[in-house]
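Novice: Below are the structure tokens for one structure; questions will follow.
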Amino acid sequence: MSNPIRPHRNFYGRLKGKHLKDSQKGYLEEDLAALSPGAVDWNVNPERENLDLEVLFGGNDTWLEVGFGGGEHVIHQAASNPDVGIIGCEPYINGVAMLLGKVRQASVDNLRIYPGDVRDMFDVLPDASISKAFLLYPDPWPKARHHRRRFVTPEHLEPLRRVLKTGAEFRVATDIPDYVRQTLEEVPPAGFELVTQGGDAWDDWISTRYEQKALREGRTPHYLTFRKL
Ligand SMILES: C[S@@+](CC[C@H](N)C(=O)[O-])C[C@H]1O[C@@H](n2cnc3c(N)ncnc32)[C@H](O)[C@@H]1O
């Protein structure tokens with residue numbers, strides 16, 4: 001059978017920021033490979049074969065965090081839920097290095113890190129394999145002509161829907177009112193029902209770097225919970 005054709009996927013965010021500290025370079029060199037969820041990148045998995053989540057997490061539920069930034073939330077969830085396997089995706093390598101520093105402190109063993117684009121991860125996740133997904137402070141893309149770059153568009157929501165189990169929770173946090181608008185417009189038609197929305201965070205919430213920045217700058221967090229139909 002011939003390999004699937006690699007789709008063209010623009011990534012508009014940052015892949016690398018300021019200089020990495022030597023300690024962070026060490027985490028990337030020494031720790032990242034052992035935390036790999038398996039073959040995700042196109043160059044190592046051109047057939048787009050599914051990851052074996054049974055092997056990865058011993059049959060436990062699997063959760064997914066999209067764009068974990070510095071990793072505050074994903075490490076908190078991993079430490080609080082040892083019976084769940086969590087995959088975090090983040091293409092910004094400085095953020096990945098920050099999370100690796102936290103993993104050393106927390107010594108969790110149920111977290112796997114993909115240092116890349118979640119769309120490539122979606123390709124290799126089995127259908128109906130994820131029981132909870134987090135999208136926390138996604139890039140806002142404030143200009144109207146950039147709204148199609150937002151995560152809450154069919155390019156991302158369709159594969160997200162495919163990999164979520166029926167009844168799975170999909171959490172979105174944002175400080176941008178127009179992002180709330182687009183989330184409410186686009187997520188339900190993609191096969192989700194709105195469960196709650198408002199200013200109260202989830203009981204198991206821990207604030208992220210971007211939320212702290214938003215609060216400092218006077219913006220108000222908004223939390224939305226959807227369920228996959
Ligand atoms: C505004 S930051 C928020 C980071 C973190 N969730 C927080 O609350 O502090 C958005 C993050 O999403 C990541 N991101 C953007 N597009 C992505 C994609 N296609 N796949 C995975 N992560 C992505 C960016 O690299 C960035 O780190």
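Chain labels A, B, ... are given in the sequence in which chains occur in the structure tokens; within each chain residues are numbered consecutively from 1, and ligands are likewise numbered from 1 in the order shown.
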Let me have all residues with an atom within 7 Å of ligand 1, counting only C-alpha atoms and all ligand atoms, laid out as a list in words.
Specialist: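 The distance check yields Phe11, Gly13, Arg14, Leu15, Val66, Gly67, Phe68, Gly69, Gly70, Gly71, Cys89, Glu90, Pro91, Tyr92, Gly95, Gly116, Asp117, Val118, Arg119, Leu135, Leu136, Tyr137, Pro138, Asp139, Thr208, Arg209, Tyr210 and Glu211 of chain A.
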Novice: Can you list, as a ChimeraX atom specification, every protein, DNA or RNA residue that comes within 10 Å of stretch 151-160 of chain A when you count only C-alpha atoms, leaving out same-chain residues fewer than 4 positions away?
Specialist: /A:9,64,66,118-119,121-123,125,127-128,130,133,135,138-141,147,164-165,170,172,179-180,182-192,228
Novice: Output C-alpha atoms for every residue in that selection, as a tab-separated table (two decimals), in the first residue's frame.
Specialist:
```tsv
chain	number	residue	atom	x	y	z
A	9	ARG	CA	0.32	22.37	7.26
A	64	LEU	CA	-4.40	15.08	25.58
A	66	VAL	CA	-2.80	20.86	23.12
A	118	VAL	CA	-0.94	18.48	17.45
A	119	ARG	CA	-2.24	18.00	13.90
A	121	MET	CA	-0.35	13.82	16.58
A	122	PHE	CA	-4.01	13.57	15.52
A	123	ASP	CA	-2.93	11.60	12.41
A	125	LEU	CA	-4.04	8.61	17.37
A	127	ASP	CA	-10.24	6.70	16.61
A	128	ALA	CA	-12.07	7.16	19.93
A	130	ILE	CA	-8.82	9.97	24.11
A	133	ALA	CA	-8.68	17.04	25.94
A	135	LEU	CA	-7.01	23.58	25.01
A	138	PRO	CA	-4.75	28.92	22.60
A	139	ASP	CA	-3.03	31.49	20.40
A	140	PRO	CA	-5.64	34.25	20.01
A	141	TRP	CA	-4.92	35.43	16.45
A	147	HIS	CA	-9.25	33.85	12.70
A	164	LEU	CA	-12.13	11.57	21.27
A	165	LYS	CA	-14.33	8.90	22.80
A	170	PHE	CA	-13.11	18.95	25.87
A	172	VAL	CA	-11.17	25.34	26.59
A	179	TYR	CA	-12.23	33.56	21.01
A	180	VAL	CA	-15.17	32.63	23.26
A	182	GLN	CA	-15.75	31.62	17.84
A	183	THR	CA	-15.49	28.64	20.20
A	184	LEU	CA	-19.23	28.74	20.85
A	185	GLU	CA	-19.89	29.09	17.13
A	186	GLU	CA	-17.55	26.40	15.84
A	187	VAL	CA	-17.26	23.66	18.47
A	188	PRO	CA	-20.92	22.47	18.71
A	189	PRO	CA	-21.36	21.96	14.95
A	190	ALA	CA	-18.15	19.92	14.97
A	191	GLY	CA	-19.97	17.31	17.09
A	192	PHE	CA	-19.88	18.57	20.66
A	228	LYS	CA	-18.21	14.93	22.49
```
Novice: If you run DSSP on the backbone, which residues of stretch 83-199 of chain A are strand (DSSP E or B), as a PyMOL selection string?
Specialist: chain A and resi 85-89+111-114+130-136+164-174+192-198
Novice: Let me see the file: selected residues, N, CA and C atoms, as a compact mmCIF listing (two decimals), in the first residue's frame.
Specialist:
```txt
# COMPACT_ATOMS: atom_id res chain seq x y z
N GLY A 85 -2.99 8.18 31.55
CA GLY A 85 -1.84 8.56 30.73
C GLY A 85 -2.12 9.89 30.06
N ILE A 86 -1.15 10.78 30.04
CA ILE A 86 -1.38 12.10 29.44
C ILE A 86 -0.32 12.36 28.37
N ILE A 87 -0.80 12.83 27.22
CA ILE A 87 0.10 13.24 26.15
C ILE A 87 0.00 14.75 26.02
N GLY A 88 1.14 15.42 26.05
CA GLY A 88 1.18 16.86 25.84
C GLY A 88 1.88 17.15 24.52
N CYS A 89 1.31 18.09 23.74
CA CYS A 89 1.92 18.49 22.46
C CYS A 89 2.28 19.97 22.52
N LEU A 111 3.32 10.64 31.79
CA LEU A 111 3.28 11.77 30.87
C LEU A 111 4.18 11.47 29.68
N ARG A 112 3.67 11.73 28.48
CA ARG A 112 4.49 11.62 27.27
C ARG A 112 4.41 12.96 26.53
N ILE A 113 5.54 13.32 25.94
CA ILE A 113 5.65 14.66 25.36
C ILE A 113 5.95 14.55 23.88
N TYR A 114 5.11 15.21 23.08
CA TYR A 114 5.40 15.31 21.65
C TYR A 114 5.79 16.76 21.36
N ILE A 130 -9.17 8.95 23.12
CA ILE A 130 -8.82 9.97 24.11
C ILE A 130 -10.06 10.29 24.94
N SER A 131 -9.91 10.31 26.25
CA SER A 131 -11.11 10.55 27.07
C SER A 131 -11.20 11.98 27.63
N LYS A 132 -10.17 12.77 27.47
CA LYS A 132 -10.29 14.18 27.88
C LYS A 132 -9.26 14.99 27.09
N ALA A 133 -9.65 16.19 26.67
CA ALA A 133 -8.68 17.04 25.94
C ALA A 133 -8.74 18.45 26.51
N PHE A 134 -7.57 19.09 26.56
CA PHE A 134 -7.44 20.44 27.11
C PHE A 134 -6.87 21.37 26.05
N LEU A 135 -7.51 22.51 25.90
CA LEU A 135 -7.01 23.58 25.01
C LEU A 135 -7.00 24.84 25.86
N LEU A 136 -5.82 25.21 26.36
CA LEU A 136 -5.75 26.25 27.39
C LEU A 136 -5.01 27.47 26.85
N LEU A 164 -11.49 11.59 19.95
CA LEU A 164 -12.13 11.57 21.27
C LEU A 164 -13.15 10.44 21.35
N LYS A 165 -13.26 9.88 22.54
CA LYS A 165 -14.33 8.90 22.80
C LYS A 165 -15.66 9.62 22.89
N THR A 166 -16.73 8.93 22.60
CA THR A 166 -18.05 9.51 22.83
C THR A 166 -18.18 9.84 24.32
N GLY A 167 -18.65 11.03 24.62
CA GLY A 167 -18.79 11.45 26.02
C GLY A 167 -17.53 12.10 26.58
N ALA A 168 -16.45 12.11 25.82
CA ALA A 168 -15.20 12.71 26.32
C ALA A 168 -15.38 14.20 26.53
N GLU A 169 -14.63 14.70 27.52
CA GLU A 169 -14.69 16.13 27.84
C GLU A 169 -13.65 16.89 27.03
N PHE A 170 -14.04 18.07 26.58
CA PHE A 170 -13.11 18.95 25.87
C PHE A 170 -13.18 20.30 26.58
N ARG A 171 -12.06 20.68 27.22
CA ARG A 171 -12.01 21.92 28.00
C ARG A 171 -11.25 23.00 27.22
N VAL A 172 -11.82 24.20 27.23
CA VAL A 172 -11.17 25.34 26.59
C VAL A 172 -11.11 26.48 27.61
N ALA A 173 -9.95 27.09 27.76
CA ALA A 173 -9.83 28.31 28.57
C ALA A 173 -9.27 29.40 27.68
N THR A 174 -9.83 30.58 27.80
CA THR A 174 -9.32 31.72 27.02
C THR A 174 -9.66 33.02 27.74
N PHE A 192 -20.01 18.45 19.21
CA PHE A 192 -19.88 18.57 20.66
C PHE A 192 -21.10 19.27 21.23
N GLU A 193 -21.40 19.00 22.51
CA GLU A 193 -22.41 19.82 23.18
C GLU A 193 -21.73 20.63 24.27
N LEU A 194 -22.23 21.85 24.46
CA LEU A 194 -21.71 22.71 25.52
C LEU A 194 -22.24 22.22 26.85
N VAL A 195 -21.36 22.03 27.82
CA VAL A 195 -21.79 21.58 29.15
C VAL A 195 -21.84 22.78 30.10
N THR A 196 -20.74 23.53 30.20
CA THR A 196 -20.73 24.73 31.05
C THR A 196 -19.82 25.77 30.41
N GLN A 197 -20.07 27.01 30.77
CA GLN A 197 -19.13 28.08 30.42
C GLN A 197 -19.29 29.19 31.43
N GLY A 198 -18.22 29.94 31.66
CA GLY A 198 -18.30 31.07 32.58
C GLY A 198 -16.96 31.38 33.21
```
Novice: Out of stretch 105-150 of chain A, which residues get helix (DSSP H, G or I) from DSSP, as a list in words?
Specialist: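 In stretch 105-150 of chain A, DSSP puts these residues in helix (DSSP H, G or I): Gln105, Ala106, Val118, Arg119, Asp120, Met121, Phe122, Asp123, Ala144, Arg145, His146, His147, Arg148 and Arg149 of chain A.
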Novice: So which residues touch A:Asn43 within 12 Å, counting only C-alpha atoms, skipping near sequence neighbours fewer than 5 positions away, as a ChimeraX atom specification?
Specialist: /A:3,6,48,120
Novice: Distance atom CA of A:Leu229-atom CA of A:Glu72, one decimal place?
Specialist: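 Interatomic distance here is 29.1 Å.
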Novice: Quick one: residues within 10 Å of A:Asn94, only C-alpha atoms, excluding same-chain residues fewer than 4 positions away - as a list in words?
Specialist: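 Here the qualifying residues turn out to be Arg14, Leu15, Lys16, Gly17, Lys18, His19, Leu20, Lys21, Gln24, Lys25, Leu28, Gly69, Gly70, Glu90, Met98, Leu99 and Leu100 of chain A.
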Novice: Could you write out the selected residues, including C-alpha atoms, as a PDB file, in the first residue's frame?
Specialist:
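Generated file (selection.pdb):
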```pdb
ATOM      1  CA  ARG A  14       7.030  30.320  17.408  1.00  0.00           C
ATOM      2  CA  LEU A  15       9.191  27.207  17.418  1.00  0.00           C
ATOM      3  CA  LYS A  16      12.094  28.656  19.358  1.00  0.00           C
ATOM      4  CA  GLY A  17      12.381  31.713  21.543  1.00  0.00           C
ATOM      5  CA  LYS A  18      15.151  33.162  23.595  1.00  0.00           C
ATOM      6  CA  HIS A  19      18.360  31.364  24.320  1.00  0.00           C
ATOM      7  CA  LEU A  20      17.974  28.040  26.120  1.00  0.00           C
ATOM      8  CA  LYS A  21      19.834  27.652  29.399  1.00  0.00           C
ATOM      9  CA  GLN A  24      17.428  23.137  29.541  1.00  0.00           C
ATOM     10  CA  LYS A  25      19.608  21.930  26.671  1.00  0.00           C
ATOM     11  CA  LEU A  28      16.187  18.135  25.904  1.00  0.00           C
ATOM     12  CA  GLY A  69       3.242  26.158  26.942  1.00  0.00           C
ATOM     13  CA  GLY A  70       5.479  25.935  30.021  1.00  0.00           C
ATOM     14  CA  GLU A  90       3.906  21.696  22.116  1.00  0.00           C
ATOM     15  CA  MET A  98      10.514  24.104  30.800  1.00  0.00           C
ATOM     16  CA  LEU A  99       8.199  21.126  31.148  1.00  0.00           C
ATOM     17  CA  LEU A 100      11.153  18.721  31.193  1.00  0.00           C
TER      18      LEU A 100
END
```
